[in-house]
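Chemist: File work-v4.cif follows (mmCIF, C-alpha atoms (C1' of nucleotides)):
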data_input
#
loop_
_atom_site.label_atom_id
_atom_site.label_comp_id
_atom_site.auth_asym_id
_atom_site.auth_seq_id
_atom_site.Cartn_x
_atom_site.Cartn_y
_atom_site.Cartn_z
CA MET C 1 31.46 15.25 -5.61
CA THR C 2 30.89 12.24 -3.43
CA GLU C 3 30.35 14.25 -0.26
CA PRO C 4 26.62 14.54 0.38
CA ARG C 5 25.15 17.95 1.05
CA TRP C 6 23.15 17.28 4.17
CA LEU C 7 20.07 19.21 5.02
CA ASP C 8 20.52 21.96 7.57
CA ALA C 9 18.64 21.69 10.85
CA ALA C 10 15.67 23.79 9.73
CA GLN C 11 15.30 21.96 6.42
CA GLN C 12 15.43 18.66 8.21
CA ARG C 13 12.74 19.76 10.65
CA ASP C 14 10.49 20.94 7.84
CA TRP C 15 11.00 17.79 5.81
CA ARG C 16 10.25 15.56 8.75
CA ALA C 17 7.22 17.57 9.78
CA TYR C 18 5.93 17.09 6.26
CA ILE C 19 6.56 13.34 6.29
CA GLU C 20 4.91 12.78 9.62
CA GLY C 21 1.98 15.08 9.00
CA SER C 22 1.27 13.73 5.55
CA VAL C 23 1.48 10.07 6.56
CA ARG C 24 -0.82 10.58 9.51
CA LEU C 25 -3.28 12.61 7.49
CA ALA C 26 -3.38 10.06 4.68
CA ASP C 27 -3.97 7.36 7.25
CA LEU C 28 -6.83 9.25 8.82
CA LEU C 29 -8.50 10.06 5.51
CA ASP C 30 -8.19 6.46 4.42
CA ARG C 31 -9.85 5.11 7.54
CA ASP C 32 -12.51 7.77 7.38
CA LEU C 33 -13.52 6.97 3.79
CA LYS C 34 -13.31 3.26 4.36
CA SER C 35 -15.38 3.19 7.52
CA LYS C 36 -18.07 5.57 6.32
CA HIS C 37 -18.38 4.59 2.68
CA GLY C 38 -16.34 1.45 2.09
CA LEU C 39 -13.95 3.22 -0.26
CA SER C 40 -10.19 3.42 -0.24
CA THR C 41 -8.57 6.74 -1.11
CA ALA C 42 -7.44 5.27 -4.43
CA GLU C 43 -10.97 4.22 -5.28
CA TYR C 44 -12.34 7.58 -4.22
CA GLU C 45 -9.83 9.36 -6.41
CA ILE C 46 -10.93 7.29 -9.40
CA LEU C 47 -14.58 8.12 -8.85
CA VAL C 48 -13.79 11.83 -8.50
CA ARG C 49 -11.86 11.95 -11.76
CA LEU C 50 -14.57 10.11 -13.61
CA SER C 51 -17.25 12.39 -12.20
CA GLU C 52 -15.43 15.41 -13.59
CA ALA C 53 -14.85 14.00 -17.06
CA PRO C 54 -17.20 14.70 -19.95
CA ASP C 55 -19.96 12.05 -19.91
CA ARG C 56 -18.38 10.81 -16.68
CA ARG C 57 -16.17 8.58 -18.74
CA LEU C 58 -12.45 8.30 -19.39
CA ARG C 59 -10.07 5.95 -21.09
CA MET C 60 -8.09 3.80 -18.72
CA ALA C 61 -4.76 5.39 -19.58
CA GLU C 62 -6.05 8.91 -18.98
CA LEU C 63 -7.73 7.88 -15.79
CA ALA C 64 -4.49 6.31 -14.60
CA GLU C 65 -2.67 9.55 -15.31
CA PHE C 66 -5.24 11.77 -13.55
CA ALA C 67 -5.43 9.47 -10.54
CA SER C 68 -1.63 9.09 -10.30
CA GLN C 69 -1.85 5.29 -10.46
CA SER C 70 -0.10 2.66 -12.51
CA ARG C 71 -2.16 1.11 -15.27
CA SER C 72 -1.93 -2.28 -13.69
CA ARG C 73 -3.18 -1.02 -10.39
CA LEU C 74 -5.98 0.81 -12.11
CA SER C 75 -7.05 -2.34 -13.95
CA HIS C 76 -7.34 -4.26 -10.71
CA THR C 77 -9.08 -1.44 -8.87
CA VAL C 78 -11.57 -0.72 -11.64
CA ALA C 79 -12.33 -4.43 -11.77
CA ARG C 80 -13.28 -4.26 -8.10
CA LEU C 81 -15.30 -1.08 -8.58
CA GLU C 82 -17.10 -2.74 -11.46
CA CYS C 83 -18.03 -5.68 -9.21
CA LYS C 84 -19.51 -3.22 -6.76
CA GLY C 85 -21.51 -1.65 -9.57
CA LEU C 86 -19.90 1.78 -9.22
CA VAL C 87 -18.11 1.84 -12.56
CA ALA C 88 -18.84 0.22 -15.92
CA ARG C 89 -16.33 -0.64 -18.62
CA GLY C 90 -17.01 -0.35 -22.34
CA THR C 91 -14.96 -0.36 -25.47
CA CYS C 92 -13.64 2.79 -27.01
CA GLY C 93 -15.05 3.64 -30.43
CA ALA C 94 -12.03 5.00 -32.23
CA ASP C 95 -9.19 2.90 -30.88
CA LYS C 96 -10.13 -0.74 -30.47
CA ARG C 97 -7.39 -1.28 -27.90
CA GLY C 98 -8.91 1.39 -25.67
CA VAL C 99 -11.29 0.79 -22.81
CA ASN C 100 -13.56 3.40 -21.32
CA ALA C 101 -14.40 3.46 -17.66
CA GLU C 102 -17.69 5.16 -16.90
CA LEU C 103 -19.20 6.19 -13.59
CA THR C 104 -22.59 4.53 -13.04
CA ASP C 105 -25.51 6.36 -11.45
CA GLU C 106 -24.97 4.31 -8.37
CA GLY C 107 -21.31 5.29 -8.35
CA PHE C 108 -22.20 8.93 -8.73
CA ALA C 109 -24.70 8.75 -5.90
CA LEU C 110 -22.17 7.12 -3.60
CA LEU C 111 -19.55 9.67 -4.57
CA GLU C 112 -21.85 12.55 -3.70
CA ARG C 113 -22.33 11.20 -0.21
CA ALA C 114 -18.67 10.34 0.23
CA ALA C 115 -17.47 13.70 -1.05
CA ARG C 116 -19.45 15.60 1.55
CA ASP C 117 -17.89 13.72 4.40
CA HIS C 118 -14.48 13.71 2.81
CA VAL C 119 -14.41 17.47 2.26
CA ALA C 120 -15.54 18.01 5.83
CA THR C 121 -12.67 15.88 7.08
CA VAL C 122 -10.13 17.55 4.82
CA ARG C 123 -11.32 20.87 6.17
CA GLU C 124 -11.20 19.75 9.75
CA PHE C 125 -7.73 18.25 9.67
CA PHE C 126 -6.02 20.19 6.92
CA ILE C 127 -7.56 23.43 5.65
CA ASP C 128 -8.75 24.74 9.00
CA VAL C 129 -5.55 24.06 10.92
CA ILE C 130 -3.27 25.76 8.40
CA ASP C 131 -2.74 29.49 8.24
CA PRO C 132 -4.22 30.76 4.94
CA ASP C 133 -0.89 32.15 3.74
CA ASP C 134 0.83 28.90 4.62
CA LEU C 135 -1.80 27.02 2.66
CA LYS C 136 -1.00 29.06 -0.43
CA ALA C 137 2.66 28.27 0.13
CA VAL C 138 1.84 24.56 0.36
CA GLY C 139 0.01 24.81 -2.96
CA ARG C 140 2.98 26.51 -4.61
CA ALA C 141 5.47 24.13 -3.07
CA PHE C 142 3.78 20.92 -4.17
CA GLY C 143 2.91 22.35 -7.53
CA ALA C 144 6.64 22.83 -8.03
CA VAL C 145 7.39 19.33 -6.75
CA ALA C 146 4.85 17.76 -9.10
CA GLU C 147 6.34 19.64 -12.01
CA ARG C 148 9.85 18.63 -11.09
CA VAL C 149 8.93 14.98 -10.70
CA ALA C 150 7.02 15.00 -13.99
CA LYS C 151 10.18 16.07 -15.82
CA VAL C 152 12.05 12.93 -14.94
CA ARG C 153 9.47 10.25 -15.54
CA MET H 154 -25.87 21.87 9.68
CA THR H 155 -26.11 19.26 6.96
CA GLU H 156 -25.04 21.59 4.19
CA PRO H 157 -21.37 20.96 3.43
CA ARG H 158 -19.01 23.90 3.40
CA TRP H 159 -17.20 23.35 0.14
CA LEU H 160 -13.70 24.51 -0.40
CA ASP H 161 -13.31 27.72 -2.36
CA ALA H 162 -11.47 27.61 -5.68
CA ALA H 163 -8.08 28.55 -4.25
CA GLN H 164 -8.32 26.07 -1.37
CA GLN H 165 -9.29 23.36 -3.78
CA ARG H 166 -6.33 24.14 -6.05
CA ASP H 167 -3.93 24.09 -3.13
CA TRP H 168 -5.33 20.85 -1.74
CA ARG H 169 -5.14 19.15 -5.09
CA ALA H 170 -1.64 20.41 -5.79
CA TYR H 171 -0.63 18.91 -2.48
CA ILE H 172 -2.24 15.55 -3.23
CA GLU H 173 -0.74 15.24 -6.65
CA GLY H 174 2.70 16.48 -5.65
CA SER H 175 2.92 14.33 -2.57
CA VAL H 176 1.75 11.14 -4.28
CA ARG H 177 4.18 11.59 -7.14
CA LEU H 178 7.05 12.43 -4.83
CA ALA H 179 6.37 9.45 -2.58
CA ASP H 180 6.28 7.25 -5.65
CA LEU H 181 9.59 8.56 -6.88
CA LEU H 182 11.32 8.21 -3.52
CA ASP H 183 10.01 4.69 -3.16
CA ARG H 184 11.33 3.58 -6.53
CA ASP H 185 14.62 5.34 -5.92
CA LEU H 186 15.22 3.65 -2.59
CA LYS H 187 14.05 0.29 -3.85
CA SER H 188 16.12 0.28 -7.02
CA LYS H 189 19.33 1.54 -5.44
CA HIS H 190 19.25 -0.19 -2.07
CA GLY H 191 16.41 -2.71 -2.07
CA LEU H 192 14.53 -0.87 0.66
CA SER H 193 10.96 0.37 0.76
CA THR H 194 10.29 3.75 2.32
CA ALA H 195 8.69 2.02 5.29
CA GLU H 196 11.78 -0.12 5.84
CA TYR H 197 14.04 2.89 5.46
CA GLU H 198 12.04 4.82 8.01
CA ILE H 199 12.43 1.97 10.49
CA LEU H 200 16.19 1.86 10.04
CA VAL H 201 16.44 5.64 10.46
CA ARG H 202 14.51 5.61 13.72
CA LEU H 203 16.57 2.77 15.10
CA SER H 204 19.81 4.47 14.12
CA GLU H 205 18.82 7.54 16.12
CA ALA H 206 17.78 5.68 19.25
CA PRO H 207 20.14 5.11 22.19
CA ASP H 208 22.06 1.87 21.53
CA ARG H 209 20.31 1.80 18.16
CA ARG H 210 17.50 -0.11 19.78
CA LEU H 211 13.83 0.49 20.45
CA ARG H 212 10.82 -1.41 21.68
CA MET H 213 8.43 -2.42 18.98
CA ALA H 214 5.64 -0.19 20.23
CA GLU H 215 7.86 2.88 20.32
CA LEU H 216 9.30 2.11 16.95
CA ALA H 217 5.80 1.76 15.52
CA GLU H 218 4.91 5.15 16.94
CA PHE H 219 8.04 6.88 15.59
CA ALA H 220 7.70 5.30 12.18
CA SER H 221 3.96 6.02 11.97
CA GLN H 222 3.12 2.37 11.35
CA SER H 223 0.65 -0.05 12.84
CA ARG H 224 2.10 -2.65 15.19
CA SER H 225 1.01 -5.44 12.96
CA ARG H 226 2.67 -3.92 9.95
CA LEU H 227 5.80 -3.33 11.96
CA SER H 228 5.89 -6.95 13.10
CA HIS H 229 5.78 -8.17 9.52
CA THR H 230 8.28 -5.64 8.25
CA VAL H 231 10.76 -6.19 11.05
CA ALA H 232 10.49 -9.92 10.42
CA ARG H 233 11.60 -9.29 6.86
CA LEU H 234 14.38 -6.94 7.91
CA GLU H 235 15.54 -9.57 10.35
CA CYS H 236 15.73 -12.13 7.54
CA LYS H 237 17.89 -9.73 5.59
CA GLY H 238 20.16 -9.35 8.62
CA LEU H 239 19.55 -5.62 9.00
CA VAL H 240 17.74 -5.76 12.33
CA ALA H 241 17.88 -8.15 15.30
CA ARG H 242 15.14 -8.82 17.80
CA GLY H 243 15.74 -9.46 21.48
CA THR H 244 13.62 -9.57 24.59
CA CYS H 245 13.16 -6.56 26.78
CA GLY H 246 14.60 -6.83 30.29
CA ALA H 247 11.99 -5.06 32.38
CA ASP H 248 8.74 -5.99 30.68
CA LYS H 249 8.65 -9.59 29.53
CA ARG H 250 6.00 -8.81 26.94
CA GLY H 251 8.30 -6.32 25.30
CA VAL H 252 10.53 -6.96 22.31
CA ASN H 253 13.49 -4.82 21.33
CA ALA H 254 14.44 -4.25 17.74
CA GLU H 255 18.09 -3.39 17.26
CA LEU H 256 19.94 -2.17 14.20
CA THR H 257 22.76 -4.54 13.24
CA ASP H 258 26.12 -3.30 11.98
CA GLU H 259 25.14 -4.47 8.56
CA GLY H 260 21.88 -2.54 8.83
CA PHE H 261 23.73 0.56 9.91
CA ALA H 262 26.17 0.28 7.04
CA LEU H 263 23.38 -0.10 4.52
CA LEU H 264 21.52 2.81 6.03
CA GLU H 265 24.54 5.07 5.71
CA ARG H 266 24.75 4.36 2.01
CA ALA H 267 21.01 4.63 1.50
CA ALA H 268 20.72 7.88 3.43
CA ARG H 269 23.23 9.65 1.21
CA ASP H 270 21.31 8.86 -1.93
CA HIS H 271 17.99 9.48 -0.28
CA VAL H 272 18.92 12.91 0.99
CA ALA H 273 20.27 13.83 -2.43
CA THR H 274 16.97 12.85 -4.00
CA VAL H 275 14.92 14.68 -1.39
CA ARG H 276 17.00 17.73 -2.07
CA GLU H 277 16.70 17.44 -5.81
CA PHE H 278 12.94 16.94 -5.94
CA PHE H 279 11.73 18.69 -2.82
CA ILE H 280 14.06 21.07 -0.99
CA ASP H 281 15.66 22.64 -4.03
CA VAL H 282 12.46 23.26 -5.97
CA ILE H 283 10.66 24.99 -3.09
CA ASP H 284 11.16 28.61 -2.18
CA PRO H 285 12.82 28.74 1.28
CA ASP H 286 9.98 30.72 2.82
CA ASP H 287 7.45 28.31 1.36
CA LEU H 288 9.41 25.43 2.82
CA LYS H 289 9.11 26.95 6.27
CA ALA H 290 5.39 27.31 5.68
CA VAL H 291 5.19 23.65 4.69
CA GLY H 292 6.90 22.72 7.93
CA ARG H 293 4.47 24.80 9.99
CA ALA H 294 1.47 23.54 8.06
CA PHE H 295 2.21 19.84 8.44
CA GLY H 296 3.32 20.29 12.00
CA ALA H 297 -0.14 21.66 12.70
CA VAL H 298 -1.77 18.82 10.76
CA ALA H 299 0.18 16.18 12.69
CA GLU H 300 -0.83 17.78 15.97
CA ARG H 301 -4.47 17.96 14.95
CA VAL H 302 -4.53 14.35 13.82
CA ALA H 303 -2.79 13.20 16.99
CA LYS H 304 -5.59 14.70 19.09
CA VAL H 305 -8.21 12.42 17.64
CA ARG H 306 -6.46 9.07 17.62
"C1'" DG W 307 -3.82 -12.35 45.90
"C1'" DA W 308 -6.92 -13.34 42.39
"C1'" DA W 309 -10.42 -11.95 38.82
"C1'" DG W 310 -10.91 -8.94 35.28
"C1'" DA W 311 -9.26 -5.42 32.26
"C1'" DT W 312 -5.48 -3.59 29.54
"C1'" DT W 313 -1.20 -3.66 27.02
"C1'" DT W 314 2.25 -5.88 24.01
"C1'" DG W 315 3.47 -8.25 20.14
"C1'" DT W 316 2.55 -11.90 16.81
"C1'" DT W 317 -0.05 -14.60 13.48
"C1'" DG W 318 -2.79 -16.14 9.35
"C1'" DA W 319 -5.97 -14.93 6.08
"C1'" DA W 320 -7.92 -11.56 3.13
"C1'" DA W 321 -7.28 -7.46 0.50
"C1'" DC W 322 -4.40 -4.71 -2.13
"C1'" DT W 323 -0.20 -3.35 -4.95
"C1'" DT W 324 3.70 -4.31 -7.79
"C1'" DC W 325 6.08 -6.67 -11.28
"C1'" DA W 326 6.80 -9.11 -15.49
"C1'" DA W 327 4.67 -11.31 -19.17
"C1'" DT W 328 1.21 -11.28 -22.55
"C1'" DC W 329 -2.23 -10.25 -26.13
"C1'" DA W 330 -4.45 -7.21 -29.27
"C1'" DC W 331 -4.38 -3.29 -31.82
"C1'" DT W 332 -2.15 0.85 -34.12
"C1'" DC W 333 1.58 3.39 -36.12
"C1'" DT W 334 5.91 3.88 -38.96
"C1'" DG W 335 8.69 3.40 -42.84
"C1'" DT W 336 9.60 1.23 -46.89
"C1'" DA O 337 0.62 -3.80 -47.92
"C1'" DC O 338 3.72 -5.58 -44.72
"C1'" DA O 339 7.26 -6.19 -40.93
"C1'" DG O 340 8.57 -4.33 -36.92
"C1'" DA O 341 8.15 -1.08 -33.27
"C1'" DG O 342 5.21 0.96 -30.07
"C1'" DT O 343 0.85 1.58 -27.27
"C1'" DG O 344 -3.23 0.09 -24.37
"C1'" DA O 345 -4.95 -2.81 -21.20
"C1'" DT O 346 -5.19 -7.04 -18.67
"C1'" DT O 347 -3.50 -11.08 -16.11
"C1'" DG O 348 -1.39 -14.10 -12.49
"C1'" DA O 349 2.02 -14.51 -9.20
"C1'" DA O 350 4.73 -12.57 -5.69
"C1'" DG O 351 5.17 -9.22 -2.27
"C1'" DT O 352 3.06 -6.04 1.18
"C1'" DT O 353 -0.53 -4.18 4.22
"C1'" DT O 354 -4.72 -4.55 6.85
"C1'" DC O 355 -7.79 -6.82 9.80
"C1'" DA O 356 -9.37 -9.70 13.42
"C1'" DA O 357 -8.14 -13.04 16.61
"C1'" DC O 358 -4.99 -14.57 19.89
"C1'" DA O 359 -1.56 -15.55 23.76
"C1'" DA O 360 1.34 -13.81 27.23
"C1'" DA O 361 2.49 -10.40 30.58
"C1'" DT O 362 1.19 -6.53 33.41
"C1'" DC O 363 -1.92 -3.46 35.84
"C1'" DT O 364 -6.19 -2.59 38.77
"C1'" DT O 365 -9.11 -3.13 42.22
"C1'" DC O 366 -11.51 -5.33 45.54
#
Let me see the structure of the file written as structure tokens.

Modeler:
Amino acid sequence: MTEPRWLDAAQQRDWRAYIEGSVRLADLLDRDLKSKHGLSTAEYEILVRLSEAPDRRLRMAELAEFASQSRSRLSHTVARLECKGLVARGTCGADKRGVNAELTDEGFALLERAARDHVATVREFFIDVIDPDDLKAVGRAFGAVAERVAKVR
Amino acid sequence: MTEPRWLDAAQQRDWRAYIEGSVRLADLLDRDLKSKHGLSTAEYEILVRLSEAPDRRLRMAELAEFASQSRSRLSHTVARLECKGLVARGTCGADKRGVNAELTDEGFALLERAARDHVATVREFFIDVIDPDDLKAVGRAFGAVAERVAKVR
DNA sequence: GAAGATTTGTTGAAACTTCAATCACTCTGT
DNA sequence: ACAGAGTGATTGAAGTTTCAACAAATCTTC
């Protein structure tokens, strides 16, 4: 069929509310992290994933996957983080192609400070303004979206 | 209090599901629009807003507001859209500082084609994978977020 | 009605992301 | 053991976004 199935009025409202809310929230969080700690959201995400990995270290490809970034982008960003002394790169024992990114002590210390503020902001502008049942629904909804998108890639 | 109120396990899961799902979806939609119609999401959003305005025309500042973009970014992007012949700029009668952006016929035609595909993709990866009640909750949730963020800016 | 403050939109440079090409290493099948 | 295919990561260039500075027009207030 070439005829598109348009969204009904309610679906359209919900979709647009999501777009506007998510763009504005992302914007706010970005500015917040940048102004208080000099980190972009993408950089923050990288530090978080590293901090949760065993030995605070991950191979680039895994890190890219966890942080939902392209490998190229990750290379550039990790290079910048390395310059700032927040992350160190080392070779991977087993696979000589592999590169490990590791969170430095300085990186961990910065992350601890940044995470406090970040969580507070997430709470203030996301968690605390959403009805608890709606929040659960958001979790389910985007879990399903992530799964669906993963299937096609 | 200096002690941060951390998110509980369920809140953290929901927040992370949202982040991952939304990033991956945005990525997919971006690639889809770009590969099929040569438009970024930001450009698409601009065309949509113009198409809905009276006379398909808006002042730059209003357009920036509707499209959730900075004025500077909008200036650059509209410049590119103008090069492609999709948008035309003209001066604003009343206020001589003002500039109107107007959707050209060519822009409108492209948008019609792009919108069909875009809506189909939104349906396939968002609307259709979310339980209808959850979708309503998503709408409420992000409506509340947008309102909360708007208060602070 | 003029000085000062504010608003509008643009600009160029710096920072960041994407894209395609590349190099080095590993895996597969014979 | 080797050729060829595939994987891991980086690179430079091109494209996009952010940031700060600016010019022009309007608003305020005395």

Chemist: Enumerate as a ChimeraX atom specification the residues belonging to chain W that approach chain H to within 12 Å, with all atoms listed in the file taken into account.

Modeler: /W:313-318,324

Chemist: Between O:DA350, O:DC338, O:DA361, O:DA345, which one has atoms that come closest to chain H, using only C-alpha atoms (C1' of nucleotides)?

Modeler: O:DA361

Chemist: Quick one: residues within 9 Å of Leu25 of chain C, all atoms listed in the file, excluding same-chain residues fewer than 4 positions away - as a list of chain:residue names?

Modeler: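 So, after excluding close chain neighbours, the residues are C:Glu20, C:Gly21, C:Leu29, C:Asp30, C:Val122, C:Phe125, C:Phe126, H:Val298, H:Ala299, H:Val302.
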
Chemist: Go through the shown structure with the PyMOL selection byres ((chain H and resi 280-282) around 12) and write out the matching residues as a PyMOL selection string.

Modeler: (chain C and resi 5-8+10-16+18+140-149) or (chain H and resi 174+178+272-279+283-289+291-292)

Chemist: Convert the output of the PyMOL selection byres ((chain W and resi 319) around 12) on the shown file into explicit residues, formatted as a PyMOL selection string.

Modeler: (chain W and resi 317-318+320-321) or (chain O and resi 354-357)

Chemist: With chain C as the partner and 9 Å as the cut-off, tabulate the residues of chain O that qualify, each row holding the nearest pair of atoms and their distance in Å to one decimal, using all atoms listed in the file, sorted by chain and rising number, as a tab-separated table.

Modeler:
residue	atom	partner	partner_atom	distance
O:DT343	C1'	C:Arg97	CA	8.7
O:DG344	C1'	C:Arg97	CA	5.6
O:DA345	C1'	C:Arg97	CA	7.3
O:DT346	C1'	C:Ser75	CA	6.9

Chemist: Report, in Å with one decimal, the straight-line distance from atom C1' of DC331 of chain W to atom C1' of DG342 of chain O.

Modeler: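 So the answer is 10.6 Å.
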
Chemist: One decimal, in Å: what's the spacing between atom CA of Arg226 of chain H and atom CA of His271 of chain H?

Modeler: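 Taking atom CA of Arg226 of chain H and atom CA of His271 of chain H, their separation equals 22.8 Å.
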
Chemist: Can you measure atom CA of Glu196 of chain H to atom CA of Ala254 of chain H for me? One decimal in Å is fine.

Modeler: 12.9 Å

Chemist: Residue by residue, what does the PyMOL selection byres ((chain H and resi 210) around 8) grab here? Present the result as a ChimeraX atom specification.

Modeler: /H:203-204,206-209,211-212,253-256

Chemist: Which neighbours of DA311 of chain W fall inside 12 Å, counting all atoms listed in the file, when residues of the same chain fewer than 5 positions from it are skipped, and could you give them as a ChimeraX atom specification?

Modeler: /O:362-365

Chemist: Just want the 12 Å neighbourhood of DA327 of chain W, counted on only C-alpha atoms (C1' of nucleotides), with same-chain residues fewer than 3 positions away dropped. Output as a ChimeraX atom specification.

Modeler: /O:346-349

Chemist: Excluding Lys189 of chain H and its own-chain neighbours fewer than 3 positions away, which residues fall within 8 Å of it when counting all atoms listed in the file? Please give them as a PyMOL selection string.

Modeler: chain H and resi 185-186+267
